[in-house]
$ cat input.txt   # compact mmCIF, C-alpha atoms
# COMPACT_ATOMS: atom_id res chain seq x y z
CA MET A 1 0.00 0.00 0.00
CA LEU A 2 1.25 3.47 -0.90
CA ILE A 3 -0.16 6.73 0.49
CA LYS A 4 1.50 9.89 -0.83
CA GLU A 5 0.47 13.50 -0.31
CA LEU A 6 0.20 15.26 -3.67
CA LYS A 7 -0.70 18.75 -2.50
CA ALA A 8 -1.80 20.74 0.52
CA GLU A 9 -3.44 24.09 -0.22
CA GLY A 10 -5.07 25.81 2.70
CA LEU A 11 -7.71 23.44 4.05
CA ASN A 12 -7.56 21.12 1.04
CA HIS A 13 -5.34 18.03 0.98
CA THR A 14 -4.96 15.54 -1.86
CA TYR A 15 -3.36 12.09 -1.56
CA ALA A 16 -2.43 9.47 -4.13
CA ILE A 17 -3.29 6.00 -2.85
CA LYS A 18 -2.25 2.74 -4.43
CA VAL A 19 -3.00 -0.85 -3.41
CA SER A 20 -1.34 -3.60 -5.46
CA LYS A 21 -3.37 -6.21 -7.28
CA GLU A 22 -1.51 -8.86 -5.21
CA ASP A 23 -2.77 -7.30 -1.97
CA LEU A 24 -6.28 -7.19 -3.39
CA ALA A 25 -6.00 -10.86 -4.42
CA ASP A 26 -4.99 -11.77 -0.85
CA LYS A 27 -7.98 -9.84 0.51
CA LEU A 28 -10.26 -11.60 -1.99
CA GLU A 29 -8.92 -15.02 -0.93
CA ALA A 30 -9.44 -14.18 2.76
CA LYS A 31 -12.97 -12.93 2.14
CA ILE A 32 -13.94 -16.05 0.18
CA LYS A 33 -12.58 -18.29 2.96
CA GLU A 34 -14.60 -16.28 5.45
CA MET A 35 -17.72 -16.79 3.34
CA GLN A 36 -17.09 -20.47 2.52
CA PRO A 37 -18.84 -22.04 5.56
CA LYS A 38 -22.03 -20.15 4.65
CA VAL A 39 -22.06 -20.87 0.90
CA SER A 40 -24.55 -23.43 -0.41
CA LEU A 41 -24.47 -24.52 -4.07
CA LYS A 42 -26.15 -27.36 -5.94
CA GLY A 43 -23.84 -30.40 -6.16
CA PHE A 44 -21.92 -29.54 -2.98
CA ARG A 45 -22.60 -30.16 0.66
CA PRO A 46 -23.36 -26.93 2.59
CA GLY A 47 -20.12 -25.23 3.59
CA LYS A 48 -17.99 -27.54 1.41
CA VAL A 49 -17.92 -25.56 -1.84
CA PRO A 50 -14.22 -25.23 -2.87
CA VAL A 51 -12.69 -21.77 -2.64
CA SER A 52 -11.61 -22.03 -6.29
CA HIS A 53 -15.20 -22.71 -7.38
CA ILE A 54 -16.60 -19.78 -5.40
CA LYS A 55 -13.90 -17.61 -6.89
CA LYS A 56 -14.72 -18.76 -10.42
CA MET A 57 -18.47 -18.24 -9.97
CA TYR A 58 -18.55 -15.02 -7.92
CA GLY A 59 -15.00 -13.71 -7.75
CA GLN A 60 -15.47 -10.44 -9.62
CA GLY A 61 -18.64 -9.58 -7.70
CA ILE A 62 -16.92 -10.29 -4.37
CA MET A 63 -13.92 -8.27 -5.53
CA LYS A 64 -16.18 -5.21 -5.90
CA ASP A 65 -16.94 -5.47 -2.18
CA VAL A 66 -13.21 -5.96 -1.46
CA VAL A 67 -12.35 -2.83 -3.44
CA GLU A 68 -15.03 -0.77 -1.65
CA GLU A 69 -13.83 -1.98 1.76
CA THR A 70 -10.20 -1.31 0.78
CA ILE A 71 -11.01 2.25 -0.31
CA ASN A 72 -12.74 2.88 3.03
CA GLU A 73 -9.83 1.38 4.99
CA THR A 74 -7.09 3.24 3.09
CA THR A 75 -9.03 6.50 3.23
CA GLN A 76 -9.33 6.20 6.99
CA LYS A 77 -5.64 5.31 7.26
CA ALA A 78 -4.63 8.39 5.25
CA ILE A 79 -6.80 10.56 7.51
CA ASN A 80 -5.46 9.00 10.73
CA ASP A 81 -1.80 8.93 9.69
CA ASN A 82 -1.88 12.60 8.75
CA SER A 83 -3.94 13.68 11.81
CA ILE A 84 -6.65 15.15 9.59
CA ARG A 85 -10.04 16.28 10.84
CA PRO A 86 -12.32 16.08 7.80
CA ALA A 87 -14.78 18.93 7.33
CA GLY A 88 -17.01 16.75 5.18
CA GLN A 89 -17.17 13.57 3.16
CA PRO A 90 -13.79 12.93 1.44
CA LYS A 91 -13.88 12.72 -2.37
CA VAL A 92 -12.50 9.69 -4.23
CA ASP A 93 -11.29 10.03 -7.82
CA MET A 94 -10.53 6.62 -9.35
CA LYS A 95 -7.41 6.58 -11.53
CA ALA A 96 -7.45 2.86 -12.42
CA ASP A 97 -9.90 1.07 -14.71
CA GLY A 98 -12.59 -0.34 -12.43
CA ASP A 99 -13.21 -3.46 -14.47
CA LYS A 100 -9.49 -4.27 -14.57
CA VAL A 101 -9.23 -3.79 -10.80
CA THR A 102 -12.17 -6.10 -10.03
CA SER A 103 -10.91 -8.68 -12.52
CA GLY A 104 -7.57 -8.74 -10.69
CA THR A 105 -5.43 -7.48 -13.59
CA SER A 106 -4.76 -3.96 -12.33
CA ASP A 107 -3.68 -2.22 -9.13
CA LEU A 108 -6.20 -0.08 -7.26
CA GLU A 109 -5.19 3.57 -7.69
CA TYR A 110 -7.17 6.64 -6.67
CA GLU A 111 -6.77 10.21 -5.49
CA LEU A 112 -8.29 11.22 -2.17
CA SER A 113 -9.32 14.86 -1.66
CA VAL A 114 -10.09 15.93 1.89
CA GLU A 115 -11.28 19.29 3.16
CA THR A 116 -10.14 19.81 6.75
CA ILE A 117 -11.41 21.58 9.82
CA PRO A 118 -9.26 24.70 10.37
CA ASP A 119 -6.93 24.83 13.36
CA PHE A 120 -7.81 27.61 15.79
CA THR A 121 -7.97 28.26 19.51
CA PRO A 122 -11.45 29.23 20.73
CA VAL A 123 -11.77 32.28 22.94
CA ASP A 124 -11.70 31.73 26.71
CA PRO A 125 -15.33 32.18 27.84
CA GLU A 126 -14.15 33.50 31.22
CA LYS A 127 -12.76 36.56 29.42
CA LEU A 128 -16.10 37.43 27.81
CA LYS A 129 -18.50 40.05 29.17
CA PHE A 130 -22.18 40.43 28.32
CA THR A 131 -25.15 42.56 29.32
CA ARG A 132 -28.32 40.55 29.81
CA LEU A 133 -31.47 42.52 28.97
CA LYS A 134 -34.42 41.86 31.27
CA HIS A 135 -37.88 43.25 31.79
CA GLU A 136 -39.69 43.09 35.11
CA PRO A 137 -43.44 42.98 34.40
CA SER A 138 -45.52 45.69 36.05
CA SER A 139 -49.11 45.29 37.22
CA GLU A 140 -50.11 47.23 34.08
CA ASP A 141 -48.26 44.69 31.89
CA LEU A 142 -50.06 41.79 33.52
CA ALA A 143 -53.43 43.53 33.29
CA ALA A 144 -52.82 44.08 29.57
CA GLU A 145 -52.00 40.37 29.11
CA VAL A 146 -55.26 39.39 30.81
CA ALA A 147 -57.10 41.91 28.61
CA LYS A 148 -55.64 40.23 25.50
CA LEU A 149 -57.45 37.06 26.51
CA GLY A 150 -60.66 39.05 26.55
CA GLU A 151 -60.00 40.32 23.00
CA GLY A 152 -60.08 36.74 21.80
CA GLN A 153 -63.43 36.19 23.49
CA LYS A 154 -65.30 39.19 22.09
CA SER A 155 -69.00 38.93 21.33
CA TYR A 156 -71.36 41.12 19.34
CA LYS A 157 -74.78 42.58 20.19
CA LYS A 158 -77.53 43.78 17.84
CA LYS A 159 -77.57 47.51 17.09
CA ALA A 160 -80.64 49.62 16.25
CA LYS A 161 -82.17 49.03 12.79
CA THR A 162 -81.15 52.52 11.72
CA ALA A 163 -77.53 52.11 12.91
CA LYS A 164 -74.97 52.22 10.13
CA ALA A 165 -72.15 49.71 10.06
CA LYS A 166 -68.63 50.97 10.69
CA LYS A 167 -65.22 49.36 10.86
CA GLY A 168 -65.08 46.96 13.82
CA ASP A 169 -68.79 46.20 13.66
CA ALA A 170 -70.12 42.82 12.57
CA VAL A 171 -72.82 42.46 9.93
CA LEU A 172 -75.13 39.49 9.52
CA ILE A 173 -75.59 39.00 5.78
CA ASP A 174 -77.07 36.77 3.07
CA PHE A 175 -75.28 36.78 -0.28
CA ILE A 176 -75.14 35.08 -3.66
CA GLY A 177 -71.93 35.43 -5.67
CA THR A 178 -71.82 35.28 -9.47
CA VAL A 179 -69.10 35.41 -12.13
CA ASP A 180 -70.25 36.37 -15.63
CA GLY A 181 -73.83 36.06 -14.34
CA GLU A 182 -73.38 32.46 -13.16
CA ALA A 183 -73.42 31.41 -9.49
CA PHE A 184 -70.29 29.49 -8.41
CA ASP A 185 -69.60 26.86 -5.78
CA GLY A 186 -69.06 28.32 -2.31
CA GLY A 187 -70.39 31.72 -3.32
CA THR A 188 -73.76 31.53 -1.53
CA MET A 189 -74.31 31.88 2.20
CA GLU A 190 -77.14 32.80 4.56
CA GLY A 191 -76.87 34.42 7.97
CA HIS A 192 -73.09 34.82 7.74
CA GLN A 193 -71.46 37.02 10.40
CA LEU A 194 -68.69 39.17 8.94
CA VAL A 195 -66.55 41.53 11.02
CA ILE A 196 -65.75 44.63 8.97
CA GLY A 197 -62.00 45.15 8.89
CA SER A 198 -61.15 41.55 9.72
CA GLY A 199 -59.71 40.95 6.24
CA THR A 200 -61.33 37.52 6.06
CA PHE A 201 -63.19 38.17 2.80
CA ILE A 202 -62.03 39.03 -0.71
CA PRO A 203 -60.21 42.41 -0.75
CA GLY A 204 -62.70 45.25 -1.15
CA PHE A 205 -65.76 43.28 0.01
CA GLU A 206 -65.82 44.47 3.62
CA ASP A 207 -65.22 48.14 2.80
CA GLN A 208 -68.37 48.24 0.66
CA LEU A 209 -70.46 47.26 3.69
CA ILE A 210 -69.39 50.34 5.68
CA GLY A 211 -72.40 52.66 6.05
CA THR A 212 -75.01 49.96 5.41
CA LYS A 213 -77.86 49.23 7.83
CA ALA A 214 -80.32 46.43 8.50
CA GLY A 215 -82.57 45.76 5.48
CA ASP A 216 -80.18 47.25 2.90
CA GLU A 217 -79.65 45.32 -0.31
CA LEU A 218 -76.63 46.00 -2.51
CA GLU A 219 -74.34 44.55 -5.13
CA VAL A 220 -70.79 44.14 -3.88
CA LYS A 221 -68.36 44.11 -6.80
CA VAL A 222 -64.90 42.64 -6.27
CA THR A 223 -62.07 40.97 -8.17
CA PHE A 224 -60.67 37.66 -6.94
CA PRO A 225 -56.93 37.74 -6.23
CA ASP A 226 -54.54 36.00 -8.62
CA PRO A 227 -53.38 33.50 -7.53
CA TYR A 228 -56.40 32.22 -5.57
CA GLN A 229 -57.06 28.85 -3.92
CA ALA A 230 -59.94 28.20 -6.32
CA GLU A 231 -58.04 28.43 -9.62
CA ASN A 232 -61.24 28.78 -11.67
CA LEU A 233 -61.95 32.08 -9.86
CA ALA A 234 -58.42 33.54 -9.83
CA GLY A 235 -58.39 37.07 -11.25
CA LYS A 236 -62.12 36.98 -12.12
CA ASP A 237 -64.56 39.86 -11.52
CA ALA A 238 -67.45 38.86 -9.28
CA VAL A 239 -70.73 40.37 -8.09
CA PHE A 240 -72.24 39.46 -4.71
CA SER A 241 -75.96 40.23 -4.33
CA THR A 242 -75.98 41.01 -0.62
CA LYS A 243 -78.68 41.64 1.97
CA VAL A 244 -77.82 43.09 5.38
CA ILE A 245 -79.93 41.37 8.02
CA GLU A 246 -78.42 42.93 11.10
CA VAL A 247 -75.63 45.28 12.21
CA GLN A 248 -73.89 44.28 15.44
CA ALA A 249 -71.64 46.25 17.80
CA GLU A 250 -68.59 44.77 19.40
CA LYS A 251 -69.08 43.78 23.01
CA ASP A 252 -66.03 43.38 25.22
CA ALA A 253 -65.79 40.24 27.31
CA VAL A 254 -66.32 40.67 31.04
CA ILE A 255 -63.15 39.53 32.84
CA ASP A 256 -64.51 37.78 35.93
CA ASP A 257 -64.64 34.36 37.60
CA GLU A 258 -66.98 33.03 34.89
CA PHE A 259 -64.56 34.18 32.22
CA ALA A 260 -61.71 32.33 34.00
CA LYS A 261 -63.75 29.12 34.02
CA LYS A 262 -63.77 29.17 30.20
CA PHE A 263 -60.03 28.45 30.45
CA GLY A 264 -60.53 25.62 32.94
CA LEU A 265 -59.45 27.71 35.95
CA ALA A 266 -61.24 28.06 39.27
CA ASP A 267 -61.57 31.82 39.40
CA LEU A 268 -60.14 35.15 38.22
CA ASP A 269 -57.24 35.04 40.71
CA ALA A 270 -56.17 31.66 39.31
CA LEU A 271 -56.35 33.08 35.79
CA LYS A 272 -54.22 36.08 36.73
CA LEU A 273 -51.62 33.82 38.34
CA ALA A 274 -51.48 31.58 35.25
CA VAL A 275 -51.11 34.62 32.98
CA GLU A 276 -48.34 36.01 35.19
CA GLU A 277 -46.37 32.74 35.10
CA GLN A 278 -46.76 32.41 31.34
CA TYR A 279 -45.80 36.05 30.75
CA LYS A 280 -42.71 35.83 32.95
CA SER A 281 -41.68 32.65 31.12
CA GLN A 282 -42.09 34.49 27.81
CA LEU A 283 -39.91 37.34 29.07
CA ASP A 284 -37.25 34.93 30.36
CA ASN A 285 -37.16 33.13 27.03
CA GLN A 286 -36.80 36.40 25.13
CA SER A 287 -34.08 37.54 27.53
CA ARG A 288 -32.13 34.35 26.92
CA MET A 289 -32.64 34.65 23.16
CA LYS A 290 -31.23 38.19 23.22
CA LEU A 291 -28.29 37.07 25.33
CA LYS A 292 -27.61 34.12 23.06
CA ARG A 293 -27.62 36.44 20.05
CA ALA A 294 -25.11 38.70 21.80
CA ILE A 295 -22.94 35.66 22.58
CA LEU A 296 -23.00 34.43 18.99
CA ASP A 297 -22.22 37.93 17.69
CA GLU A 298 -19.21 38.12 20.00
CA LEU A 299 -17.97 34.66 19.03
CA ASP A 300 -18.30 35.59 15.36
CA LYS A 301 -16.31 38.79 15.96
CA LYS A 302 -13.59 37.08 18.02
CA HIS A 303 -12.80 34.30 15.51
CA LYS A 304 -11.31 34.82 12.08
CA PHE A 305 -10.09 31.77 10.19
CA ASP A 306 -10.44 30.16 6.78
CA LEU A 307 -13.71 28.31 6.31
CA PRO A 308 -14.03 24.93 4.57
CA PRO A 309 -15.52 25.88 1.14
CA GLN A 310 -17.62 22.72 0.86
CA MET A 311 -19.22 23.33 4.26
CA VAL A 312 -20.05 26.91 3.32
CA GLU A 313 -21.44 25.88 -0.06
CA SER A 314 -23.58 23.17 1.51
CA GLU A 315 -24.95 25.58 4.13
CA PHE A 316 -25.61 28.25 1.52
CA SER A 317 -27.35 25.74 -0.74
CA ASN A 318 -29.77 24.81 2.07
CA ILE A 319 -30.48 28.48 2.82
CA TRP A 320 -30.85 29.44 -0.84
CA THR A 321 -33.33 26.63 -1.51
CA GLN A 322 -35.51 27.98 1.31
CA VAL A 323 -35.18 31.57 0.08
CA GLN A 324 -36.21 30.61 -3.46
CA SER A 325 -39.16 28.62 -2.10
CA GLU A 326 -40.33 31.64 -0.08
CA LYS A 327 -39.81 33.91 -3.08
CA GLU A 328 -41.96 31.71 -5.33
CA ALA A 329 -44.68 31.65 -2.64
CA GLY A 330 -44.53 35.44 -2.24
CA LYS A 331 -43.45 35.11 1.38
CA LEU A 332 -40.16 37.04 1.36
CA ASP A 333 -40.04 39.81 3.97
CA ASP A 334 -40.35 43.42 2.80
CA ASP A 335 -36.60 44.09 2.74
CA ASP A 336 -35.69 40.93 0.81
CA SER A 337 -38.52 41.34 -1.69
CA LYS A 338 -36.92 44.61 -2.87
CA LYS A 339 -33.52 43.01 -3.57
CA THR A 340 -32.21 41.38 -6.72
CA ASP A 341 -31.15 37.74 -6.68
CA LYS A 342 -27.54 38.93 -6.78
CA GLN A 343 -28.04 41.05 -3.65
CA LEU A 344 -29.93 38.25 -1.90
CA GLU A 345 -27.21 35.74 -2.74
CA LYS A 346 -24.52 38.05 -1.36
CA ASP A 347 -26.43 38.57 1.91
CA TYR A 348 -27.30 34.92 2.44
CA ARG A 349 -23.80 33.75 1.60
CA LYS A 350 -22.61 35.93 4.48
CA ILE A 351 -25.18 34.24 6.70
CA ALA A 352 -23.95 30.81 5.55
CA GLN A 353 -20.36 31.80 6.37
CA ARG A 354 -21.41 33.03 9.81
CA ARG A 355 -23.30 29.81 10.56
CA VAL A 356 -20.36 27.63 9.52
CA ARG A 357 -17.90 29.72 11.54
CA LEU A 358 -20.09 29.66 14.65
CA GLY A 359 -20.76 25.95 14.23
CA LEU A 360 -17.03 25.23 14.21
CA VAL A 361 -16.38 27.51 17.21
CA LEU A 362 -19.19 26.00 19.28
CA ALA A 363 -18.04 22.48 18.38
CA GLU A 364 -14.45 23.29 19.38
CA MET A 365 -15.52 24.84 22.68
CA GLY A 366 -17.83 21.92 23.42
CA GLN A 367 -15.00 19.47 22.75
CA LYS A 368 -12.59 21.45 24.90
CA TYR A 369 -14.98 21.40 27.85
CA GLU A 370 -16.09 17.81 27.18
CA ILE A 371 -19.75 18.62 26.68
CA GLN A 372 -21.83 15.48 26.20
CA ILE A 373 -25.43 14.81 25.18
CA THR A 374 -27.11 12.03 27.11
CA ASN A 375 -29.46 9.42 25.71
CA ASP A 376 -32.20 10.83 27.96
CA GLU A 377 -31.79 14.27 26.38
CA LEU A 378 -32.03 12.79 22.89
CA GLN A 379 -35.05 10.72 23.92
CA GLN A 380 -36.79 13.82 25.26
CA ALA A 381 -36.07 15.67 22.02
CA MET A 382 -37.49 12.76 20.00
CA VAL A 383 -40.65 12.67 22.10
CA ALA A 384 -41.08 16.45 21.79
CA GLU A 385 -40.74 16.19 18.02
CA ALA A 386 -43.16 13.24 17.85
CA ARG A 387 -45.81 15.16 19.81
CA GLN A 388 -46.05 17.60 16.92
CA TYR A 389 -47.62 14.80 14.86
CA PRO A 390 -50.62 13.50 16.85
CA GLY A 391 -51.45 9.90 15.98
CA GLN A 392 -48.06 9.31 14.33
CA GLU A 393 -45.85 9.49 17.41
CA GLN A 394 -44.55 5.92 17.18
CA GLN A 395 -43.70 6.23 13.48
CA ILE A 396 -41.78 9.48 14.12
CA ILE A 397 -39.74 7.93 16.93
CA GLU A 398 -38.97 4.87 14.79
CA PHE A 399 -37.88 7.17 11.97
CA TYR A 400 -35.32 8.84 14.22
CA GLN A 401 -34.14 5.53 15.66
CA LYS A 402 -33.42 4.22 12.15
CA ASN A 403 -31.84 7.39 10.72
CA PRO A 404 -28.49 8.55 12.15
CA GLN A 405 -28.66 11.73 10.08
CA ALA A 406 -32.02 12.65 11.58
CA ILE A 407 -30.63 11.99 15.06
CA ALA A 408 -27.72 14.30 14.24
CA GLN A 409 -30.21 17.05 13.37
CA LEU A 410 -31.83 16.59 16.81
CA ARG A 411 -28.45 16.52 18.53
CA ALA A 412 -27.11 19.75 16.99
CA PRO A 413 -29.46 22.29 18.67
CA ILE A 414 -29.15 20.51 22.04
CA TYR A 415 -25.35 20.67 21.79
CA GLU A 416 -25.48 24.34 20.82
CA GLU A 417 -27.68 25.25 23.79
CA LYS A 418 -25.35 23.40 26.19
CA VAL A 419 -22.32 25.30 24.88
CA VAL A 420 -24.25 28.57 25.26
CA ASP A 421 -25.11 27.54 28.83
CA LEU A 422 -21.41 26.94 29.47
CA ILE A 423 -20.50 30.42 28.19
CA ILE A 424 -23.24 32.04 30.29
CA GLU A 425 -21.92 30.19 33.34
CA LYS A 426 -18.29 31.22 32.81
CA ALA A 427 -18.63 34.71 31.31
CA THR A 428 -19.12 37.92 33.28
CA LEU A 429 -22.79 38.94 33.14
CA SER A 430 -24.47 42.17 34.15
CA ASP A 431 -28.25 42.57 34.07
CA LYS A 432 -29.98 45.61 32.60
CA ASN A 433 -33.68 46.29 33.03
CA VAL A 434 -35.30 47.57 29.82
CA SER A 435 -38.77 48.17 28.46
CA ARG A 436 -40.72 45.36 26.88
CA ASP A 437 -40.40 47.04 23.47
CA VAL A 438 -36.61 47.08 23.70
CA LEU A 439 -36.51 43.45 24.85
CA PHE A 440 -38.58 42.37 21.87
CA GLU A 441 -36.83 44.52 19.25
CA GLU A 442 -35.91 42.47 16.19
CA ASP A 443 -32.21 42.00 15.48
CA ASP A 444 -30.64 42.20 12.04
CA MET A 445 -30.18 38.84 10.34
CA ILE A 446 -26.43 39.28 9.81
$ encode --input "input.txt" --output "structure tokens"
Amino acid sequence: MLIKELKAEGLNHTYAIKVSKEDLADKLEAKIKEMQPKVSLKGFRPGKVPVSHIKKMYGQGIMKDVVEETINETTQKAINDNSIRPAGQPKVDMKADGDKVTSGTSDLEYELSVETIPDFTPVDPEKLKFTRLKHEPSSEDLAAEVAKLGEGQKSYKKKAKTAKAKKGDAVLIDFIGTVDGEAFDGGTMEGHQLVIGSGTFIPGFEDQLIGTKAGDELEVKVTFPDPYQAENLAGKDAVFSTKVIEVQAEKDAVIDDEFAKKFGLADLDALKLAVEEQYKSQLDNQSRMKLKRAILDELDKKHKFDLPPQMVESEFSNIWTQVQSEKEAGKLDDDDSKKTDKQLEKDYRKIAQRRVRLGLVLAEMGQKYEIQITNDELQQAMVAEARQYPGQEQQIIEFYQKNPQAIAQLRAPIYEEKVVDLIIEKATLSDKNVSRDVLFEEDDMI
């Protein structure tokens, strides 16, 4: 066996590897002898088929397995002997004719290209300083949270017959919708309650009901959006013959013991306590998220090293696929929707580079401090994921148990959070009380 380094450029290493046909023949002989006791062929007693006969019948097929195993073994040897930490799957470029190798007439020769993890020393977390933003909820904050529950439980009461509908009112209506004079499926309803300003109907429909009163009949003219879920209606002009049966005023929910019972709680005090606990948990989570962002920003700033190109390209590819999917669905945020593909690609490539850099830093710090993920933690993560698919929990868990790559995707965020916990524990922290608005301010993506 010959392993020779051909070139080393930055994080890329290339090796020439050669295994003689004699060595391969020895491996083939050993593999056939290993198989012999299990081979059963017509005309021979089980386990008594001669090695020469097995070789004649199946030699080239078995040699393919020998070659594959040899490539794996020699690749690993090259990596171990040269103390390489691969950044991804090594690439194999065969230099010998495959058929000649498996027929035993040619040596196995290939080039191995490996992209390596860069060497760097992670920052000492004890030398880092962070300000943790916090918000202590006031009685007004908690009262507002309880009031939000009431907004979701609003009811409506009938207004006088002469009362005109305004934004925020509900109208009880009958309507028949037509396109080109023909009624269409789903376009007819009776006694439908529509809140004006809710945006639940076709754009323009609700606005035309402002100023109407009970007993009014009108034609509401609208154009269906394009695209639209019913493709046969997309972009079409429609007329809805509409009768207003009743105009209703919004009626705020009464926040009392009876209201609390709607949420399965004993009384209003129990509801207030539950809201307080949930709100404080929300604030704590947001505080941690802000602190984690500050930690990641600092780690990104403190570490400058070459990034493995394949890792960056793979990360960017995943991000870009998602961006293009959102673009096609019209779901890009306002800022991104104004950018050209070239601008978007530039921005998201920076994000990919940041993610790869931070991933390497967090992995290095975790290794340095011997951070481990327990089976219990993985099991809890699997169960949490499975609960998102009611009725399919067992299938989801089995999927993870049978797919190492899926398990790795569960492991990664757990590992990241544990490294962040380590940094929080060792770094110098000072708390700063801020308003709720400041705590929930959105950060830039990059």
$ residues_around --input "input.txt" --residues "Arg85 in chain A" --least-positions-apart "2" --cutoff "8 Å" --atoms "all atoms listed in the file" --output "list in words"
Ile79, Ser83, Ala87, Thr116 and Ile117 of chain A
$ write_last_selection --input "input.txt" --atoms "C-alpha atoms" --output "tab-separated table (two decimals), in the frame of the given file"
chain	number	residue	atom	x	y	z
A	79	ILE	CA	-6.80	10.56	7.51
A	83	SER	CA	-3.94	13.68	11.81
A	87	ALA	CA	-14.78	18.93	7.33
A	116	THR	CA	-10.14	19.81	6.75
A	117	ILE	CA	-11.41	21.58	9.82
$ residues_around --input "input.txt" --residues "Lys166 in chain A" --least-positions-apart "5" --cutoff "8 Å" --atoms "all atoms listed in the file" --output "VMD selection string"
chain A and resid 196 210 to 211
$ closest_residue --input "input.txt" --among "A:Thr242, A:Ser139, A:Thr162, A:Gln388" --to "Thr178 in chain A" --atoms "all atoms listed in the file"
A:Thr242
$ closest_residue --input "input.txt" --among "A:Glu73, A:Phe263, A:Asn82, A:Gly61" --to "Asp99 in chain A" --atoms "all atoms listed in the file"
A:Gly61
$ residues_around --input "input.txt" --residues "Ile202 in chain A" --least-positions-apart "2" --cutoff "8 Å" --atoms "only C-alpha atoms" --output "list in words"
Gly199, Thr200, Gly204, Phe205, Glu206, Val222, Thr223, Phe224 and Pro225 of chain A
$ decode --input "input.txt" --residues "range 232-246 of chain A" --atoms "N, CA and C atoms" --output "mmCIF file, in the first residue's frame"
data_model
loop_
_atom_site.group_PDB
_atom_site.id
_atom_site.type_symbol
_atom_site.label_atom_id
_atom_site.label_comp_id
_atom_site.auth_asym_id
_atom_site.auth_seq_id
_atom_site.Cartn_x
_atom_site.Cartn_y
_atom_site.Cartn_z
ATOM 1 N N ASN A 232 -60.245 28.366 -10.668
ATOM 2 C CA ASN A 232 -61.237 28.782 -11.668
ATOM 3 C C ASN A 232 -61.766 30.195 -11.402
ATOM 4 N N LEU A 233 -61.490 30.729 -10.199
ATOM 5 C CA LEU A 233 -61.954 32.077 -9.859
ATOM 6 C C LEU A 233 -60.829 33.105 -9.858
ATOM 7 N N ALA A 234 -59.578 32.650 -9.930
ATOM 8 C CA ALA A 234 -58.421 33.543 -9.827
ATOM 9 C C ALA A 234 -58.497 34.662 -10.867
ATOM 10 N N GLY A 235 -58.401 35.911 -10.361
ATOM 11 C CA GLY A 235 -58.390 37.071 -11.250
ATOM 12 C C GLY A 235 -59.731 37.445 -11.846
ATOM 13 N N LYS A 236 -60.801 36.727 -11.509
ATOM 14 C CA LYS A 236 -62.122 36.981 -12.115
ATOM 15 C C LYS A 236 -62.873 38.098 -11.361
ATOM 16 N N ASP A 237 -63.661 38.873 -12.119
ATOM 17 C CA ASP A 237 -64.559 39.856 -11.518
ATOM 18 C C ASP A 237 -65.811 39.135 -11.029
ATOM 19 N N ALA A 238 -66.271 39.513 -9.843
ATOM 20 C CA ALA A 238 -67.453 38.855 -9.275
ATOM 21 C C ALA A 238 -68.421 39.888 -8.711
ATOM 22 N N VAL A 239 -69.683 39.521 -8.672
ATOM 23 C CA VAL A 239 -70.733 40.367 -8.089
ATOM 24 C C VAL A 239 -71.439 39.554 -7.017
ATOM 25 N N PHE A 240 -71.548 40.129 -5.812
ATOM 26 C CA PHE A 240 -72.244 39.460 -4.709
ATOM 27 C C PHE A 240 -73.519 40.241 -4.396
ATOM 28 N N SER A 241 -74.672 39.628 -4.703
ATOM 29 C CA SER A 241 -75.958 40.231 -4.330
ATOM 30 C C SER A 241 -76.131 40.003 -2.836
ATOM 31 N N THR A 242 -76.099 41.101 -2.079
ATOM 32 C CA THR A 242 -75.983 41.006 -0.625
ATOM 33 C C THR A 242 -77.136 41.705 0.086
ATOM 34 N N LYS A 243 -77.655 41.032 1.123
ATOM 35 C CA LYS A 243 -78.682 41.640 1.967
ATOM 36 C C LYS A 243 -78.169 41.697 3.399
ATOM 37 N N VAL A 244 -78.251 42.901 3.991
ATOM 38 C CA VAL A 244 -77.822 43.090 5.379
ATOM 39 C C VAL A 244 -78.999 42.781 6.291
ATOM 40 N N ILE A 245 -78.853 41.766 7.107
ATOM 41 C CA ILE A 245 -79.927 41.368 8.021
ATOM 42 C C ILE A 245 -79.831 42.144 9.323
ATOM 43 N N GLU A 246 -78.598 42.327 9.778
ATOM 44 C CA GLU A 246 -78.424 42.933 11.101
ATOM 45 C C GLU A 246 -77.024 43.544 11.199
#
